[in-house]
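Structure data follow from model-v6.txt (compact mmCIF, C-alpha atoms):
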```txt
# COMPACT_ATOMS: atom_id res chain seq x y z
CA MET A 27 146.70 148.78 140.63
CA ASN A 28 148.62 146.07 138.82
CA SER A 29 147.22 143.37 141.07
CA ILE A 30 143.62 144.57 140.38
CA LEU A 31 144.31 144.44 136.64
CA LEU A 32 145.82 141.00 137.02
CA LYS A 33 142.76 139.76 138.98
CA THR A 34 140.36 141.22 136.41
CA LEU A 35 142.28 139.65 133.57
CA THR A 36 142.34 136.31 135.38
CA ILE A 37 138.56 136.45 135.89
CA ILE A 38 137.96 137.36 132.24
CA LEU A 39 140.25 134.59 131.01
CA GLY A 40 138.56 132.17 133.41
CA LEU A 41 135.12 133.09 132.06
CA ILE A 42 136.33 132.69 128.47
CA ALA A 43 137.79 129.27 129.30
CA LEU A 44 134.52 128.25 131.01
CA GLY A 45 132.50 129.40 127.99
CA PHE A 46 134.79 127.51 125.63
CA GLY A 47 134.43 124.42 127.82
CA PHE A 48 130.63 124.64 127.66
CA TRP A 49 130.75 125.17 123.90
CA LEU A 50 132.97 122.10 123.47
CA ALA A 51 130.70 119.99 125.67
CA ILE A 52 127.54 121.03 123.81
CA ASN A 53 129.18 120.52 120.45
CA GLN A 54 130.41 117.07 121.39
CA GLN A 55 126.93 116.09 122.59
CA ARG A 56 125.54 117.29 119.29
CA ASN A 57 128.03 115.19 117.35
CA THR A 58 127.33 112.02 119.27
CA GLY A 59 123.53 112.55 119.25
CA PRO A 60 121.20 110.63 116.92
CA LEU A 61 121.49 111.43 113.20
CA ILE A 62 117.74 111.95 112.95
CA SER A 63 115.19 112.62 115.67
CA GLU A 64 112.78 109.93 116.83
CA GLU A 65 109.80 111.63 115.15
CA VAL A 66 111.60 111.66 111.81
CA GLY A 67 112.69 108.03 111.88
CA ILE A 68 115.22 105.42 112.93
CA VAL A 69 118.80 104.86 111.75
CA TYR A 70 120.29 101.38 112.17
CA PRO A 71 123.95 101.73 113.25
CA GLN A 72 124.42 98.24 111.79
CA ALA A 73 122.41 98.07 108.56
CA ARG A 74 119.74 95.31 108.59
CA GLU A 75 120.53 92.65 106.04
CA ILE A 76 117.91 92.30 103.30
CA GLY A 77 119.38 89.36 101.36
CA ASP A 78 118.29 88.01 97.98
CA PHE A 79 114.91 88.88 96.53
CA GLN A 80 112.97 88.71 93.28
CA LEU A 81 110.70 91.38 91.83
CA VAL A 82 109.25 92.38 88.46
CA ASP A 83 109.89 95.94 87.30
CA PHE A 84 107.50 98.26 85.45
CA ASP A 85 108.71 96.92 82.10
CA GLY A 86 107.72 93.41 83.14
CA GLN A 87 111.39 92.40 83.55
CA PRO A 88 112.53 90.30 86.50
CA ILE A 89 114.88 92.20 88.82
CA ASP A 90 116.70 91.28 92.02
CA GLN A 91 118.85 93.01 94.63
CA GLN A 92 121.56 93.68 92.01
CA ARG A 93 119.26 96.31 90.47
CA PHE A 94 119.57 98.31 93.70
CA LYS A 95 123.34 97.88 94.22
CA ASP A 96 125.88 100.73 94.41
CA LYS A 97 123.29 103.41 95.06
CA TRP A 98 121.32 104.61 98.04
CA TRP A 99 117.58 104.05 97.50
CA LEU A 100 114.53 105.62 99.08
CA VAL A 101 111.86 102.92 98.83
CA TYR A 102 108.12 103.08 99.53
CA PHE A 103 105.76 100.09 99.69
CA GLY A 104 102.16 100.81 98.68
CA PHE A 105 99.48 100.27 95.99
CA THR A 106 98.30 102.47 93.14
CA PHE A 107 94.57 102.33 94.11
CA CYS A 108 95.57 104.06 97.38
CA PRO A 109 94.05 107.56 97.18
CA ASP A 110 95.79 109.23 100.10
CA ALA A 111 98.98 107.93 101.78
CA CYS A 112 100.74 106.65 98.62
CA PRO A 113 100.31 109.67 96.34
CA MET A 114 101.33 111.85 99.29
CA ALA A 115 104.49 109.78 99.87
CA LEU A 116 105.38 109.84 96.16
CA ASN A 117 104.78 113.58 96.03
CA ASP A 118 107.12 113.88 99.03
CA MET A 119 109.74 111.78 97.20
CA LYS A 120 109.43 114.11 94.23
CA LYS A 121 110.06 117.09 96.52
CA ILE A 122 112.97 115.30 98.24
CA LYS A 123 114.63 114.66 94.87
CA VAL A 124 114.39 118.35 94.00
CA LEU A 125 115.73 119.43 97.41
CA PHE A 126 118.85 117.20 97.30
CA ASP A 127 122.03 119.03 96.38
CA GLU A 128 123.69 117.69 93.26
CA LYS A 129 126.26 115.53 95.07
CA ILE A 130 123.58 113.69 97.09
CA ALA A 131 121.14 113.56 94.16
CA GLN A 132 123.67 111.54 92.17
CA GLN A 133 123.87 108.95 94.93
CA VAL A 134 120.16 108.42 95.63
CA ASP A 135 117.43 106.74 93.56
CA PHE A 136 113.74 106.26 94.29
CA ALA A 137 111.49 103.19 94.07
CA PHE A 138 107.83 102.37 94.63
CA ILE A 139 107.11 98.71 95.35
CA SER A 140 103.49 97.66 94.91
CA VAL A 141 102.15 95.05 97.34
CA ASP A 142 99.01 94.69 95.20
CA PRO A 143 100.19 92.72 92.12
CA ALA A 144 96.63 91.59 91.30
CA ARG A 145 95.66 95.12 90.25
CA ASP A 146 99.05 96.77 89.73
CA THR A 147 100.23 95.51 86.36
CA PRO A 148 103.67 96.68 85.12
CA ASP A 149 101.95 99.07 82.69
CA ARG A 150 99.83 100.64 85.39
CA LEU A 151 102.87 100.94 87.66
CA LYS A 152 104.90 102.69 84.98
CA GLN A 153 102.17 105.24 84.24
CA TYR A 154 101.66 105.78 87.95
CA VAL A 155 105.21 106.32 89.08
CA GLN A 156 106.23 108.39 86.06
CA TYR A 157 103.37 110.79 86.77
CA PHE A 158 105.43 111.81 89.81
CA ASP A 159 108.91 111.62 88.27
CA PRO A 160 110.19 109.96 85.08
CA ASP A 161 113.31 108.76 86.97
CA PHE A 162 111.40 106.82 89.64
CA LEU A 163 111.44 103.02 89.48
CA ALA A 164 108.39 100.89 90.25
CA ALA A 165 108.22 97.15 90.80
CA THR A 166 105.96 94.45 92.15
CA GLY A 167 106.23 90.68 92.28
CA GLU A 168 104.78 87.37 93.39
CA MET A 169 102.77 87.78 96.57
CA SER A 170 105.01 85.35 98.49
CA ASP A 171 108.17 87.21 97.37
CA LEU A 172 106.62 90.54 98.36
CA GLN A 173 105.61 89.18 101.78
CA GLU A 174 109.13 87.94 102.43
CA LEU A 175 110.86 91.12 101.30
CA ALA A 176 108.44 93.27 103.31
CA THR A 177 109.06 91.21 106.44
CA ARG A 178 112.83 91.58 106.05
CA VAL A 179 112.58 95.37 105.83
CA GLY A 180 109.99 95.71 108.62
CA VAL A 181 107.07 96.61 106.36
CA VAL A 182 103.60 95.23 107.14
CA PHE A 183 100.78 94.96 104.60
CA VAL A 184 97.44 93.17 104.44
CA VAL A 185 95.70 92.48 101.12
CA PRO A 186 92.16 91.06 101.59
CA GLU A 187 92.10 87.42 100.47
CA ASN A 188 88.65 87.29 98.87
CA PRO A 189 87.64 90.89 98.22
CA GLU A 190 83.94 91.57 97.54
CA ASN A 191 84.87 93.77 94.57
CA GLN A 192 87.84 95.36 92.82
CA ASN A 193 87.71 98.43 95.05
CA TYR A 194 89.34 96.84 98.09
CA VAL A 195 91.88 98.71 100.20
CA VAL A 196 95.26 97.45 101.39
CA ASP A 197 96.53 98.24 104.88
CA HIS A 198 100.22 99.02 104.73
CA SER A 199 103.15 100.59 106.57
CA THR A 200 103.83 104.18 105.60
CA PHE A 201 107.61 104.09 106.06
CA MET A 202 110.00 105.51 103.54
CA LEU A 203 112.97 103.14 103.66
CA LEU A 204 116.60 104.01 103.03
CA TRP A 205 118.57 101.13 101.51
CA ASN A 206 122.36 101.43 101.40
CA PRO A 207 124.58 100.67 98.36
CA GLN A 208 125.03 97.08 99.65
CA VAL A 209 121.21 96.76 99.50
CA ASN A 210 120.72 96.60 103.25
CA LEU A 211 118.28 98.61 105.33
CA GLN A 212 120.05 101.62 106.83
CA ALA A 213 117.14 103.76 108.02
CA ILE A 214 113.38 104.27 108.02
CA PHE A 215 111.56 107.57 107.81
CA LYS A 216 108.14 107.76 109.44
CA ALA A 217 105.00 109.38 108.00
CA PRO A 218 104.11 112.18 107.66
CA HIS A 219 107.40 112.63 105.80
CA LYS A 220 108.59 116.21 105.86
CA PRO A 221 110.76 116.47 102.73
CA GLU A 222 113.22 118.87 104.41
CA ASP A 223 113.73 116.47 107.35
CA VAL A 224 114.28 113.47 105.06
CA VAL A 225 116.76 115.46 102.95
CA LYS A 226 118.77 116.48 106.05
CA GLY A 227 118.59 112.93 107.43
CA VAL A 228 119.72 111.24 104.21
CA LYS A 229 122.61 113.67 103.87
CA LYS A 230 123.81 112.97 107.43
CA ILE A 231 123.38 109.21 107.03
CA ILE A 232 125.33 109.11 103.75
CA ALA A 233 128.11 111.14 105.39
CA ALA A 234 128.18 108.84 108.43
CA PHE A 235 128.20 105.42 106.68
CA MET B 18 42.53 130.45 93.41
CA LYS B 19 39.29 132.09 92.30
CA GLN B 20 40.06 135.49 93.86
CA ILE B 21 43.17 135.98 91.75
CA VAL B 22 41.33 135.71 88.42
CA PHE B 23 41.51 139.09 86.74
CA GLN B 24 38.14 140.35 85.50
CA HIS B 25 38.13 143.60 83.58
CA HIS B 26 34.94 145.43 82.64
CA PRO B 27 35.83 148.80 80.97
CA GLY B 28 33.85 151.83 82.12
CA ASN B 29 32.80 150.25 85.40
CA VAL B 30 34.72 151.99 88.25
CA SER B 31 34.06 149.29 90.80
CA SER B 32 35.26 146.67 88.36
CA ILE B 33 38.46 148.74 87.75
CA VAL B 34 39.07 148.89 91.52
CA ARG B 35 38.38 145.18 91.76
CA GLY B 36 40.82 144.68 88.86
CA ILE B 37 43.55 146.63 90.65
CA LEU B 38 42.88 144.70 93.85
CA ASN B 39 43.05 141.45 91.93
CA ARG B 40 46.41 142.49 90.38
CA LEU B 41 47.67 143.31 93.85
CA VAL B 42 46.56 139.90 95.05
CA ILE B 43 48.43 138.31 92.12
CA ILE B 44 51.59 140.37 92.79
CA SER B 45 51.54 139.66 96.52
CA PHE B 46 50.91 135.97 95.75
CA LEU B 47 53.98 135.96 93.46
CA PHE B 48 56.11 137.74 96.04
CA GLY B 49 54.88 135.34 98.67
CA SER B 50 55.89 132.40 96.51
CA LEU B 51 59.34 133.89 95.87
CA ALA B 52 59.80 134.54 99.57
CA SER B 53 58.81 131.00 100.43
CA ILE B 54 61.28 129.64 97.82
CA SER B 55 64.18 131.66 99.21
CA PHE B 56 63.13 130.63 102.71
CA ALA B 57 63.26 126.99 101.65
CA GLN B 58 66.79 127.54 100.27
CA ALA B 59 67.89 129.06 103.55
CA GLU B 60 66.44 126.01 105.29
CA ASN B 61 68.68 123.82 103.09
CA GLU B 62 71.83 125.52 104.30
CA VAL B 63 72.42 123.20 107.18
CA LEU B 64 76.05 122.35 106.53
CA SER B 65 78.91 124.75 105.90
CA ILE B 66 81.55 123.26 103.59
CA LYS B 67 85.00 124.80 103.69
CA SER B 68 88.15 124.20 101.58
CA PRO B 69 86.85 121.32 99.44
CA TRP B 70 89.36 119.67 97.05
CA ILE B 71 90.07 116.39 95.34
CA ARG B 72 93.65 115.23 94.69
CA GLU B 73 94.40 114.87 90.99
CA ALA B 74 95.21 111.19 90.41
CA PRO B 75 97.88 109.76 88.10
CA PRO B 76 96.49 108.54 84.75
CA GLY B 77 94.45 105.33 84.86
CA ILE B 78 93.92 105.37 88.62
CA PRO B 79 90.23 104.83 89.42
CA THR B 80 90.30 106.02 93.04
CA LEU B 81 90.12 109.60 94.28
CA ALA B 82 90.11 111.18 97.72
CA ALA B 83 88.11 114.31 98.53
CA TYR B 84 88.83 116.57 101.48
CA MET B 85 86.84 119.35 103.15
CA GLU B 86 85.64 120.70 106.48
CA ILE B 87 81.94 120.03 107.10
CA THR B 88 80.29 122.01 109.90
CA ASN B 89 76.73 121.69 111.19
CA ILE B 90 75.47 125.29 111.23
CA THR B 91 72.02 124.48 112.66
CA GLU B 92 70.89 124.27 116.26
CA SER B 93 70.11 120.55 116.03
CA PRO B 94 72.24 117.44 115.40
CA ILE B 95 72.56 116.33 111.76
CA SER B 96 73.27 112.76 110.64
CA ILE B 97 75.15 112.08 107.40
CA ILE B 98 73.73 108.76 106.27
CA GLY B 99 75.30 108.48 102.83
CA VAL B 100 77.62 110.00 100.28
CA SER B 101 77.58 109.61 96.52
CA SER B 102 78.94 110.96 93.24
CA SER B 103 77.73 110.22 89.74
CA ILE B 104 81.34 109.82 88.47
CA ALA B 105 82.14 106.91 90.85
CA LYS B 106 80.79 103.37 91.13
CA MET B 107 81.19 103.53 94.88
CA THR B 108 81.62 106.49 97.23
CA GLU B 109 82.32 106.12 100.93
CA LEU B 110 83.44 108.20 103.87
CA HIS B 111 86.70 106.64 105.01
CA GLU B 112 88.40 107.09 108.32
CA VAL B 113 92.14 106.61 108.43
CA LYS B 114 94.00 105.29 111.43
CA LEU B 115 97.73 104.95 111.80
CA GLU B 116 98.23 101.92 114.07
CA ASN B 117 101.87 100.98 114.74
CA GLU B 118 102.85 102.93 111.62
CA VAL B 119 100.37 100.88 109.55
CA MET B 120 97.81 102.94 107.63
CA LYS B 121 94.31 101.47 107.93
CA MET B 122 91.36 102.83 105.94
CA ARG B 123 87.85 101.85 106.97
CA LYS B 124 84.34 102.91 105.96
CA MET B 125 82.92 105.26 108.57
CA ALA B 126 79.66 104.44 110.29
CA ASP B 127 76.90 107.07 109.95
CA ILE B 128 78.13 110.34 111.40
CA THR B 129 76.14 112.65 113.62
CA LEU B 130 77.39 116.21 113.86
CA ASN B 131 76.11 118.19 116.81
CA SER B 132 75.32 121.88 116.45
CA GLY B 133 78.54 123.69 115.55
CA GLN B 134 80.52 120.45 115.25
CA THR B 135 82.99 120.03 112.34
CA LEU B 136 84.01 116.88 110.51
CA GLU B 137 87.53 117.45 109.24
CA LEU B 138 88.48 115.50 106.13
CA LYS B 139 92.11 116.29 105.37
CA ALA B 140 95.07 114.89 103.41
CA GLY B 141 96.72 112.08 105.35
CA GLY B 142 93.53 111.50 107.29
CA SER B 143 89.84 110.77 106.82
CA HIS B 144 88.38 111.50 103.39
CA VAL B 145 85.55 110.86 100.95
CA MET B 146 86.81 107.98 98.80
CA LEU B 147 85.53 107.77 95.23
CA MET B 148 86.06 104.31 93.74
CA GLY B 149 85.59 102.93 90.24
CA VAL B 150 86.13 106.32 88.59
CA GLN B 151 86.43 105.70 84.83
CA GLU B 152 87.26 109.20 83.64
CA SER B 153 90.53 111.02 84.28
CA PHE B 154 89.96 114.34 86.05
CA LYS B 155 92.74 116.91 85.78
CA GLN B 156 93.42 119.99 87.86
CA GLY B 157 90.70 122.55 87.19
CA ALA B 158 87.88 119.99 86.83
CA GLU B 159 84.98 119.96 89.32
CA ILE B 160 83.25 116.90 90.71
CA GLU B 161 79.86 116.89 92.42
CA ILE B 162 79.60 115.07 95.74
CA ILE B 163 76.21 114.58 97.42
CA PHE B 164 75.78 114.07 101.14
CA GLU B 165 72.53 112.37 102.15
CA LEU B 166 71.21 113.57 105.48
CA LYS B 167 68.71 112.01 107.85
CA ASP B 168 65.30 113.81 107.68
CA LEU B 169 66.82 116.67 105.64
CA PRO B 170 67.32 117.31 101.91
CA ALA B 171 70.66 116.13 100.50
CA VAL B 172 73.53 118.62 100.29
CA LYS B 173 75.40 118.93 96.98
CA VAL B 174 78.98 120.19 96.86
CA MET B 175 81.06 121.01 93.79
CA VAL B 176 84.62 119.97 94.58
CA PRO B 177 87.58 121.26 92.53
CA VAL B 178 90.36 118.89 91.45
CA LYS B 179 93.82 120.09 92.45
CA LYS B 180 97.37 118.79 92.36
CA ASP B 181 99.11 118.07 95.65
CA SER B 182 101.10 121.13 96.69
```
For the file at hand, write its structure as structure tokens.
Amino acid sequence: MNSILLKTLTIILGLIALGFGFWLAINQQRNTGPLISEEVGIVYPQAREIGDFQLVDFDGQPIDQQRFKDKWWLVYFGFTFCPDACPMALNDMKKIKVLFDEKIAQQVDFAFISVDPARDTPDRLKQYVQYFDPDFLAATGEMSDLQELATRVGVVFVVPENPENQNYVVDHSTFMLLWNPQVNLQAIFKAPHKPEDVVKGVKKIIAAF
Amino acid sequence: MKQIVFQHHPGNVSSIVRGILNRLVIISFLFGSLASISFAQAENEVLSIKSPWIREAPPGIPTLAAYMEITNITESPISIIGVSSSIAKMTELHEVKLENEVMKMRKMADITLNSGQTLELKAGGSHVMLMGVQESFKQGAEIEIIFELKDLPAVKVMVPVKKDS
């Protein structure tokens, strides 16, 4: 009788140990897995260096990388005459800001960088971005400076050189970029941006770096 | 037209009968006209438009995007050969392609919808683009968009302006 009890107990303990082993293995895999899934975006384990840059903010004041220091920034490159992708991205940013818990919200700011300085004057940019959220920053700059900055952060845009009229469209990347407090590129979020996914991603990235 | 002229001669029975007949002719003529008008309206319903909306734009932005589902509800193919709106300097159907994560908007060529086929214009994708809009339209406003069709009368749609959800 005792030996049967002993065997049963051994089997039960064995099964528990096996289950615990599986749980540990799965958990470990989860911890070492990517911070965000491939559909959501890409995290650079070593942040990509952005370097020095020059822009003009929505008050017409020159700004450089120092303006972005000591905070995490979600940055979107676009143009205000864009009727679809840009307002959608800015609306997503607005939702993301609301969804952040207080601790994260204090660490993250938002910026819209216009790649269409010919039409996007500082005044227009201010009106535009503040329609979405009064705390959002907007900036633009010299075309050559914008080209260089975009290239460094992996953003592509094409402004027609001699447009037939003022209603031209600009092809552009739809990434939402995450810059770290040293003003280097830590991650990109792909469109369509699901606010909940970006919020989870940003939280994990801030915790990890 | 002569037979519908009403001639009334009091006291003359045959003329009274003729009068009644003439009235009947007039009434049936009127009904016929009404029927033919409503028939013509039914003939115009060649496209079904579902869930139309225009995204409210920030102040001072002269471009708007309109979205809707357009279905050909006839038995024959229908070609959309143009789109216009009186509030915009230029109106175009734009297709949107995401190539290597780069958003490209281009004017669509003329579109032919086969019987039952739907053209889906939705946020983040193809849309009617209204350019050179001078007025600011807020949520609750309605904007008329006209689709010109090949060999068929144009279709007018009233599209409500809404904020992004």
(request) Specify as a list of chain:residue names all residues of chain B found within 8 Å of chain A, counting all atoms listed in the file. (result)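 Those within range of chain A come out as B:Ala74, B:Pro75, B:Pro76, B:Gly77, B:Ile78, B:Pro79, B:Thr80, B:Leu81, B:Ala82, B:Glu118, B:Val119, B:Met120, B:Lys121, B:Met122, B:Ala140, B:Gly141, B:Gly142, B:Met146, B:Met148, B:Gly149, B:Asp181.
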(request) Identify which of the residues B:Arg123, B:Ile163, B:Leu115, B:Ser132 lies closest to Ser102 of chain B, counting all atoms listed in the file when measuring atom-to-atom distances. (result)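 Using all atoms listed in the file, the shortest distance to Ser102 of chain B belongs to B:Ile163.
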(request) Rank nothing, just name the residue among A:Leu203, A:Val124, A:Ala165, A:Ile38 nearest to Asp90 of chain A, using only C-alpha atoms. (result)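 Ranked by minimum distance to Asp90 of chain A, first place goes to A:Ala165.
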(request) Between A:Ser29, A:Asn210, A:Thr166, A:Asn191, single out the one closest to Val179 of chain A, counting all atoms listed in the file. (result)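 The shortest atom-to-atom distance to Val179 of chain A comes from A:Asn210.
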Mind working out the centre and edge lengths of an axis-aligned box for segment 141-145 of chain A, all listed atoms inside, 5 Å added to each side, rounded to one decimal in Å and written as AutoDock Vina command-line options?
```
--center_x 98.9 --center_y 93.4 --center_z 93.8 --size_x 16.5 --size_y 13.5 --size_z 17.1
```
(request) Find, counting all atoms listed in the file, the residue in B:Ile95, B:Val178, B:Ile71, B:Met107 that gets nearest to Thr135 of chain B. (result)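 Comparing B:Ile95, B:Val178, B:Ile71, B:Met107 against Thr135 of chain B, the winner is B:Ile95.
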(request) May I ask for the distance between atom CA of Gln156 of chain B and atom CA of Val224 of chain A, given in Å to one decimal place? (result)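 Atom CA of Gln156 of chain B sits 27.8 Å away from atom CA of Val224 of chain A.
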Is it possible to get the residues within 12 Å of (115.4, 100.5, 100.8) (coordinates as in the file, counting all atoms listed in the file) written as an mmCIF file with C-alpha atoms, in the frame of the given file?
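Result file out16.cif:
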```cif
data_model
loop_
_atom_site.group_PDB
_atom_site.id
_atom_site.type_symbol
_atom_site.label_atom_id
_atom_site.label_comp_id
_atom_site.auth_asym_id
_atom_site.auth_seq_id
_atom_site.Cartn_x
_atom_site.Cartn_y
_atom_site.Cartn_z
ATOM 1 C CA ALA A 73 122.410 98.070 108.560
ATOM 2 C CA ARG A 74 119.740 95.310 108.590
ATOM 3 C CA GLU A 75 120.530 92.650 106.040
ATOM 4 C CA ILE A 76 117.910 92.300 103.300
ATOM 5 C CA GLY A 77 119.380 89.360 101.360
ATOM 6 C CA GLN A 91 118.850 93.010 94.630
ATOM 7 C CA ARG A 93 119.260 96.310 90.470
ATOM 8 C CA PHE A 94 119.570 98.310 93.700
ATOM 9 C CA LYS A 95 123.340 97.880 94.220
ATOM 10 C CA LYS A 97 123.290 103.410 95.060
ATOM 11 C CA TRP A 98 121.320 104.610 98.040
ATOM 12 C CA TRP A 99 117.580 104.050 97.500
ATOM 13 C CA LEU A 100 114.530 105.620 99.080
ATOM 14 C CA VAL A 101 111.860 102.920 98.830
ATOM 15 C CA TYR A 102 108.120 103.080 99.530
ATOM 16 C CA PHE A 103 105.760 100.090 99.690
ATOM 17 C CA VAL A 134 120.160 108.420 95.630
ATOM 18 C CA ASP A 135 117.430 106.740 93.560
ATOM 19 C CA PHE A 136 113.740 106.260 94.290
ATOM 20 C CA ALA A 137 111.490 103.190 94.070
ATOM 21 C CA PHE A 138 107.830 102.370 94.630
ATOM 22 C CA ILE A 139 107.110 98.710 95.350
ATOM 23 C CA LEU A 175 110.860 91.120 101.300
ATOM 24 C CA ALA A 176 108.440 93.270 103.310
ATOM 25 C CA ARG A 178 112.830 91.580 106.050
ATOM 26 C CA VAL A 179 112.580 95.370 105.830
ATOM 27 C CA GLY A 180 109.990 95.710 108.620
ATOM 28 C CA VAL A 181 107.070 96.610 106.360
ATOM 29 C CA PHE A 201 107.610 104.090 106.060
ATOM 30 C CA MET A 202 110.000 105.510 103.540
ATOM 31 C CA LEU A 203 112.970 103.140 103.660
ATOM 32 C CA LEU A 204 116.600 104.010 103.030
ATOM 33 C CA TRP A 205 118.570 101.130 101.510
ATOM 34 C CA ASN A 206 122.360 101.430 101.400
ATOM 35 C CA PRO A 207 124.580 100.670 98.360
ATOM 36 C CA GLN A 208 125.030 97.080 99.650
ATOM 37 C CA VAL A 209 121.210 96.760 99.500
ATOM 38 C CA ASN A 210 120.720 96.600 103.250
ATOM 39 C CA LEU A 211 118.280 98.610 105.330
ATOM 40 C CA GLN A 212 120.050 101.620 106.830
ATOM 41 C CA ALA A 213 117.140 103.760 108.020
ATOM 42 C CA ILE A 214 113.380 104.270 108.020
ATOM 43 C CA PHE A 215 111.560 107.570 107.810
#
```
(request) Would you kindly return, as a list of chain:residue names, each protein, DNA or RNA residue with an atom no farther than 7 Å from any atom of Val100 of chain B, considering only C-alpha atoms and excluding same-chain residues fewer than 4 positions away? (result) B:Thr108, B:Glu109, B:Ile163, B:Phe164, B:Glu165
Can those selected residues be exported to a file as a PDB file, in the frame of the given file so that it contains C-alpha atoms?
```
ATOM      1  CA  THR B 108      81.620 106.490  97.230  1.00  0.00           C
ATOM      2  CA  GLU B 109      82.320 106.120 100.930  1.00  0.00           C
ATOM      3  CA  ILE B 163      76.210 114.580  97.420  1.00  0.00           C
ATOM      4  CA  PHE B 164      75.780 114.070 101.140  1.00  0.00           C
ATOM      5  CA  GLU B 165      72.530 112.370 102.150  1.00  0.00           C
TER       6      GLU B 165
END
```
(message) Residues near Thr91 of chain B, anyone? I mean within 10 Å using all atoms listed in the file, not counting same-chain ones fewer than 6 positions away, as a ChimeraX atom specification.
(response) /B:60,62-65,130-134
(message) When you count only C-alpha atoms, which of these residues is closest to Glu161 of chain B: B:Ser101, B:Thr88, B:Ser68, B:Ser96?
(response)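 Of B:Ser101, B:Thr88, B:Ser68, B:Ser96, the one nearest Glu161 of chain B, counting only C-alpha atoms, is B:Ser101.
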(request) State, in Å with one decimal place, the distance from atom CA of Glu73 of chain B to atom CA of Gly157 of chain B. (result)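 Here the two named atoms are 9.3 Å from each other.
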(request) Could you tell me how far atom CA of Leu147 of chain B lies from atom CA of Ser140 of chain A, in Å and to one decimal? (result) 20.6 Å
